[in-house]
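Enquirer: Sharing data.txt here; it has compact mmCIF, C-alpha atoms.
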# COMPACT_ATOMS: atom_id res chain seq x y z
CA MET A 3 -52.44 -1.89 -3.20
CA LYS A 4 -56.23 -2.31 -3.11
CA SER A 5 -56.28 -3.52 -6.69
CA ILE A 6 -53.65 -6.18 -5.95
CA LYS A 7 -55.69 -7.41 -2.97
CA LYS A 8 -58.89 -7.77 -4.96
CA LYS A 9 -57.79 -8.50 -8.50
CA TYR A 10 -55.50 -11.40 -7.74
CA ASN A 11 -55.74 -14.78 -6.03
CA PHE A 12 -52.09 -15.72 -5.72
CA TYR A 13 -53.03 -19.06 -4.11
CA ALA A 14 -54.32 -20.22 -7.49
CA GLY A 15 -51.29 -18.89 -9.35
CA ALA A 16 -48.82 -20.49 -6.93
CA ALA A 17 -50.54 -23.90 -7.01
CA VAL A 18 -50.96 -24.10 -10.79
CA SER A 19 -47.54 -22.71 -11.73
CA SER A 20 -45.76 -24.98 -9.17
CA TRP A 21 -47.26 -28.11 -10.69
CA ALA A 22 -46.58 -26.77 -14.19
CA LEU A 23 -42.91 -26.37 -13.24
CA LEU A 24 -42.71 -29.95 -11.96
CA ILE A 25 -44.38 -31.28 -15.12
CA MET A 26 -41.93 -29.31 -17.30
CA ILE A 27 -38.97 -30.67 -15.29
CA VAL A 28 -40.08 -34.31 -15.52
CA VAL A 29 -41.20 -34.17 -19.15
CA GLY A 30 -38.03 -32.28 -20.12
CA GLU A 31 -35.83 -34.99 -18.59
CA ILE A 32 -37.65 -38.04 -19.95
CA TYR A 33 -38.71 -36.64 -23.34
CA ALA A 34 -35.79 -34.77 -24.93
CA PRO A 35 -37.83 -33.09 -27.72
CA PHE A 36 -39.69 -31.06 -25.06
CA LYS A 37 -36.44 -29.74 -23.61
CA ASP A 38 -35.26 -29.01 -27.16
CA PHE A 39 -38.52 -27.13 -27.79
CA LEU A 40 -37.88 -24.97 -24.69
CA LYS A 41 -34.28 -24.37 -25.83
CA GLY A 42 -35.38 -23.54 -29.37
CA THR A 43 -38.14 -21.18 -28.26
CA PHE A 44 -36.48 -19.43 -25.31
CA THR A 45 -32.74 -19.96 -26.07
CA HIS A 46 -32.40 -22.09 -22.89
CA HIS A 47 -34.71 -24.56 -21.15
CA TRP A 48 -34.31 -22.73 -17.81
CA ILE A 49 -35.40 -19.41 -19.32
CA GLY A 50 -38.36 -21.21 -20.90
CA LYS A 51 -39.43 -22.59 -17.52
CA VAL A 52 -39.07 -19.17 -15.82
CA VAL A 53 -41.11 -17.41 -18.53
CA ILE A 54 -43.88 -20.05 -18.57
CA VAL A 55 -44.08 -20.22 -14.75
CA ALA A 56 -44.19 -16.40 -14.45
CA ILE A 57 -46.90 -16.05 -17.11
CA LEU A 58 -48.98 -18.87 -15.58
CA PHE A 59 -48.53 -17.46 -12.07
CA PHE A 60 -49.85 -13.99 -12.88
CA LEU A 61 -52.41 -15.12 -15.45
CA VAL A 62 -54.02 -17.77 -13.23
CA SER A 63 -53.85 -15.42 -10.21
CA ALA A 64 -55.76 -12.80 -12.20
CA LEU A 65 -58.32 -15.16 -13.72
CA GLU A 66 -59.08 -17.62 -10.91
CA LYS A 67 -60.38 -15.71 -7.90
CA LYS A 68 -62.66 -17.96 -5.90
CA ARG A 69 -62.10 -21.69 -5.94
CA MET A 70 -58.49 -21.99 -4.77
CA GLU A 71 -57.81 -21.86 -1.03
CA GLU A 72 -54.65 -21.29 0.99
CA LYS A 73 -54.17 -25.01 1.75
CA HIS A 74 -54.15 -25.87 -1.98
CA ALA A 75 -51.33 -23.42 -2.60
CA TRP A 76 -49.36 -24.35 0.52
CA TYR A 77 -49.44 -28.11 -0.03
CA SER A 78 -48.78 -27.71 -3.76
CA VAL A 79 -45.71 -25.54 -3.21
CA ILE A 80 -44.32 -27.79 -0.44
CA ALA A 81 -45.00 -30.97 -2.46
CA VAL A 82 -43.37 -29.57 -5.61
CA ILE A 83 -40.29 -28.39 -3.67
CA ALA A 84 -39.87 -31.89 -2.18
CA LEU A 85 -40.63 -33.70 -5.46
CA ILE A 86 -38.07 -31.66 -7.43
CA PHE A 87 -35.32 -32.79 -5.03
CA LEU A 88 -36.59 -36.38 -4.98
CA PHE A 89 -36.82 -36.50 -8.77
CA TYR A 90 -33.18 -35.49 -9.25
CA ILE A 91 -32.00 -37.96 -6.57
CA ILE A 92 -33.87 -40.80 -8.32
CA GLU A 93 -32.60 -39.67 -11.73
CA PHE A 94 -29.01 -39.64 -10.46
CA PHE A 95 -29.18 -43.25 -9.26
CA GLU A 96 -30.97 -44.56 -12.37
CA MET B 23 -19.16 -8.47 -15.24
CA ARG B 24 -18.96 -11.82 -13.46
CA ASP B 25 -18.23 -10.14 -10.11
CA LEU B 26 -21.12 -7.69 -10.55
CA LEU B 27 -23.51 -10.57 -11.25
CA LEU B 28 -22.10 -12.65 -8.40
CA TYR B 29 -22.35 -9.84 -5.84
CA SER B 30 -25.87 -8.86 -6.88
CA HIS B 31 -26.90 -12.55 -6.75
CA VAL B 32 -25.50 -12.93 -3.23
CA ILE B 33 -26.80 -9.57 -1.93
CA LEU B 34 -30.33 -10.05 -3.33
CA GLY B 35 -30.40 -13.63 -2.04
CA PHE B 36 -29.24 -12.41 1.39
CA LEU B 37 -32.06 -9.83 1.40
CA LEU B 38 -34.54 -12.68 0.81
CA VAL B 39 -33.51 -14.00 4.23
CA ILE B 40 -33.07 -10.71 6.13
CA LEU B 41 -36.21 -8.86 5.00
CA PRO B 42 -38.64 -11.72 5.82
CA VAL B 43 -36.92 -12.09 9.23
CA LEU B 44 -37.48 -8.36 9.87
CA LEU B 45 -41.13 -8.67 8.80
CA LEU B 46 -41.62 -11.65 11.12
CA VAL B 47 -39.81 -10.18 14.11
CA TYR B 48 -40.26 -6.39 13.99
CA TRP B 49 -43.27 -5.75 11.76
CA LYS B 50 -45.82 -8.29 12.94
CA LYS B 51 -48.53 -5.69 12.43
CA PRO B 52 -48.44 -4.22 8.92
CA THR B 53 -47.71 -0.52 8.61
CA ALA B 54 -47.43 1.51 5.41
CA PHE B 55 -43.65 1.16 5.60
CA SER B 56 -43.63 -2.59 6.34
CA ARG B 57 -46.12 -3.20 3.50
CA LEU B 58 -43.66 -1.42 1.21
CA ILE B 59 -40.87 -3.68 2.51
CA ALA B 60 -43.05 -6.74 1.77
CA VAL B 61 -43.64 -5.56 -1.81
CA ILE B 62 -39.92 -4.81 -2.25
CA THR B 63 -39.10 -8.34 -1.00
CA ALA B 64 -41.44 -9.84 -3.60
CA VAL B 65 -39.87 -7.68 -6.33
CA ILE B 66 -36.39 -8.79 -5.20
CA SER B 67 -37.44 -12.45 -5.41
CA TRP B 68 -38.21 -11.97 -9.12
CA ALA B 69 -35.27 -9.63 -9.78
CA VAL B 70 -32.72 -12.10 -8.35
CA LEU B 71 -33.53 -14.40 -11.28
CA ILE B 72 -31.65 -11.97 -13.58
CA PRO B 73 -28.16 -12.29 -12.00
CA ALA B 74 -28.85 -15.93 -11.06
CA GLY B 75 -29.86 -16.80 -14.62
CA SER B 76 -26.99 -14.82 -16.15
CA LEU B 77 -24.41 -16.60 -13.97
CA TYR B 78 -26.03 -19.96 -14.73
CA LEU B 79 -26.13 -19.42 -18.49
CA MET B 80 -22.83 -17.61 -19.00
CA PHE B 81 -20.43 -18.97 -16.40
CA TYR B 82 -21.81 -22.23 -15.01
CA PRO B 83 -21.18 -24.49 -18.08
CA ALA B 84 -17.40 -24.51 -17.35
CA THR B 85 -18.03 -25.29 -13.67
CA LYS B 86 -20.43 -28.06 -14.69
CA THR B 87 -17.74 -29.71 -16.80
CA LEU B 88 -15.36 -29.65 -13.82
CA ILE B 89 -17.98 -31.08 -11.45
CA LEU B 90 -19.00 -33.91 -13.77
CA SER B 91 -15.38 -34.99 -14.21
CA GLY B 92 -14.69 -34.76 -10.46
CA ALA B 93 -15.47 -36.96 -7.46
CA TRP B 94 -18.85 -35.32 -6.74
CA PRO B 95 -20.90 -35.57 -9.98
CA TRP B 96 -24.04 -35.49 -7.79
CA ALA B 97 -23.13 -31.90 -6.89
CA HIS B 98 -24.41 -30.99 -10.35
CA SER B 99 -26.89 -33.80 -11.06
CA VAL B 100 -28.77 -33.45 -7.78
CA PHE B 101 -27.83 -30.19 -6.05
CA MET B 102 -27.46 -27.80 -9.00
CA GLU B 103 -30.45 -29.24 -10.87
CA THR B 104 -32.57 -28.88 -7.71
CA LYS B 105 -31.19 -25.41 -6.89
CA GLU B 106 -31.88 -23.96 -10.34
CA HIS B 107 -35.53 -25.03 -10.06
CA TRP B 108 -36.03 -24.14 -6.38
CA GLY B 109 -34.89 -20.68 -7.45
CA ILE B 110 -38.01 -20.50 -9.64
CA MET B 111 -40.19 -21.54 -6.67
CA LEU B 112 -38.84 -18.71 -4.47
CA PRO B 113 -40.67 -15.80 -6.18
CA LEU B 114 -43.94 -17.75 -6.07
CA ALA B 115 -43.74 -18.25 -2.28
CA THR B 116 -42.48 -14.69 -1.71
CA THR B 117 -45.26 -13.12 -3.77
CA VAL B 118 -47.91 -15.11 -1.87
CA ALA B 119 -46.32 -14.05 1.45
CA ALA B 120 -46.21 -10.38 0.42
CA TRP B 121 -49.77 -10.50 -0.94
CA LEU B 122 -51.11 -11.92 2.34
CA TYR B 123 -49.11 -9.37 4.33
CA ILE B 124 -50.31 -6.32 2.39
CA LYS B 125 -53.88 -7.71 2.49
CA GLY B 126 -53.66 -7.28 6.26
CA ASP B 127 -53.29 -10.97 7.15
CA PRO B 128 -49.78 -11.17 8.65
CA LYS B 129 -50.72 -14.33 10.58
CA ALA B 130 -51.43 -16.23 7.34
CA SER B 131 -48.30 -14.81 5.72
CA LYS B 132 -46.07 -16.07 8.56
CA LYS B 133 -45.50 -19.63 7.34
CA TRP B 134 -44.94 -18.36 3.79
CA TRP B 135 -42.21 -15.99 5.01
CA VAL B 136 -40.65 -18.90 6.96
CA LEU B 137 -40.74 -20.97 3.75
CA VAL B 138 -39.01 -18.14 1.86
CA ILE B 139 -36.27 -17.95 4.53
CA VAL B 140 -35.72 -21.74 4.60
CA LEU B 141 -35.75 -22.06 0.81
CA ALA B 142 -33.37 -19.11 0.30
CA ILE B 143 -30.93 -20.60 2.85
CA LEU B 144 -31.17 -24.06 1.24
CA VAL B 145 -30.52 -22.57 -2.20
CA ALA B 146 -27.41 -20.86 -0.80
CA VAL B 147 -26.20 -24.08 0.90
CA PHE B 148 -26.77 -26.03 -2.32
CA GLY B 149 -24.87 -23.35 -4.24
CA ARG B 150 -21.93 -23.71 -1.88
CA THR B 151 -22.05 -27.51 -2.27
CA VAL B 152 -21.96 -27.11 -6.06
CA LYS B 153 -18.93 -24.84 -5.75
CA LEU B 154 -17.17 -27.38 -3.52
CA GLY B 155 -18.02 -30.08 -6.06
CA ALA B 156 -16.03 -28.21 -8.69
CA GLY B 157 -12.97 -28.38 -6.43
CA THR B 158 -12.90 -32.17 -6.16
CA ILE B 159 -11.23 -32.78 -9.52
Produce structure tokens that represent the structure in this file.
Expert:
Amino acid sequence: MKSIKKKYNFYAGAAVSSWALLIMIVVGEIYAPFKDFLKGTFTHHWIGKVVIVAILFFLVSALEKKRMEEKHAWYSVIAVIALIFLFYIIEFFE
Amino acid sequence: MRDLLLYSHVILGFLLVILPVLLLVYWKKPTAFSRLIAVITAVISWAVLIPAGSLYLMFYPATKTLILSGAWPWAHSVFMETKEHWGIMLPLATTVAAWLYIKGDPKASKKWWVLVIVLAILVAVFGRTVKLGAGTI
């Protein structure tokens, strides 16, 4: 438990991997070759996003320990959750 | 196989609502046991991706075809697309909540647990909407 408390800053991991997910969603929908790359590499674009988000989350949490604060993570996660929904609503009506 | 995946998806998703509620209501002050529950909740949030992903990859394509040819194409285009990606956000929020809780900062973890509860319920409601969308053909 002590090592988890000290070795990781999950604020950083949550903020960075959330935005990475949103970027992958948007780029995947507007630039088909990126989605094809995810499919080709990970067998399915969803698996590709899960793997990349998970790796980024733990990697950034382990490497970035000081600069990221709670508010960065909180607002990033809330913003990405809202923007994912908004993006698909806009895409549906386009 | 489908039933096993479906039940584990529903049960693990249900635990992502119940366990945070218990942590918020009964274990406001972390104990060794409640810290273990917090860690288990975080593990569940990652583990639920296995049945969720398996159902999505193996069984959802047929449902998707039905939805897109029915009266509610938005059930897939908006609700399912959103749900499948909110599902990836859940373990991030749950891990942060558990990390704060086991660090001995249950006050800071509170809003993250609430987010986990709200997001897990929304994912379930969206899932139900998707299912209803398949019945509109």
Enquirer: Using only C-alpha atoms, find the residues of chain A whose closest atom to chain B is at most 8 Å away, then write them as a PyMOL selection string.
Expert: chain A and resi 3+6-7+12-13+16+20+48-49+52+55+59+79+83+86-87+90-91+94
Enquirer: Considering all atoms listed in the file, can you say which of A:Lys9, A:His46, A:Lys41, A:Lys51 comes closest to A:Leu24?
Expert: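 Checking each candidate against A:Leu24, we get A:Lys51 as the closest.
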Enquirer: Atom CA of B:Val152 to atom CA of B:Thr85: how many Å, to one decimal?
Expert: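 For atom CA of B:Val152 relative to atom CA of B:Thr85, the distance reads 8.8 Å.
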Enquirer: What is the distance between atom CA of B:Ala64 and atom CA of B:Thr116, in Å to one decimal?
Expert: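 Calculated distance between atom CA of B:Ala64 and atom CA of B:Thr116 is 5.3 Å.
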Enquirer: Measuring between all atoms listed in the file, which one of A:Ile80, A:Asn11, A:Glu66, A:Phe89 shows the shortest distance to A:Ile32?
Expert: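 That would be A:Phe89, the residue with the smallest distance to A:Ile32.
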Enquirer: Grab the atom CA of B:Ala97 to atom CA of A:Ala84 distance for me, in Å with one decimal place.
Expert: 17.4 Å
Enquirer: Counting only C-alpha atoms, which of A:Leu85, A:Ser78, A:Gly15, A:Leu40 gets nearest to A:Val53?
Expert: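 Using only C-alpha atoms, the shortest distance to A:Val53 belongs to A:Leu40.
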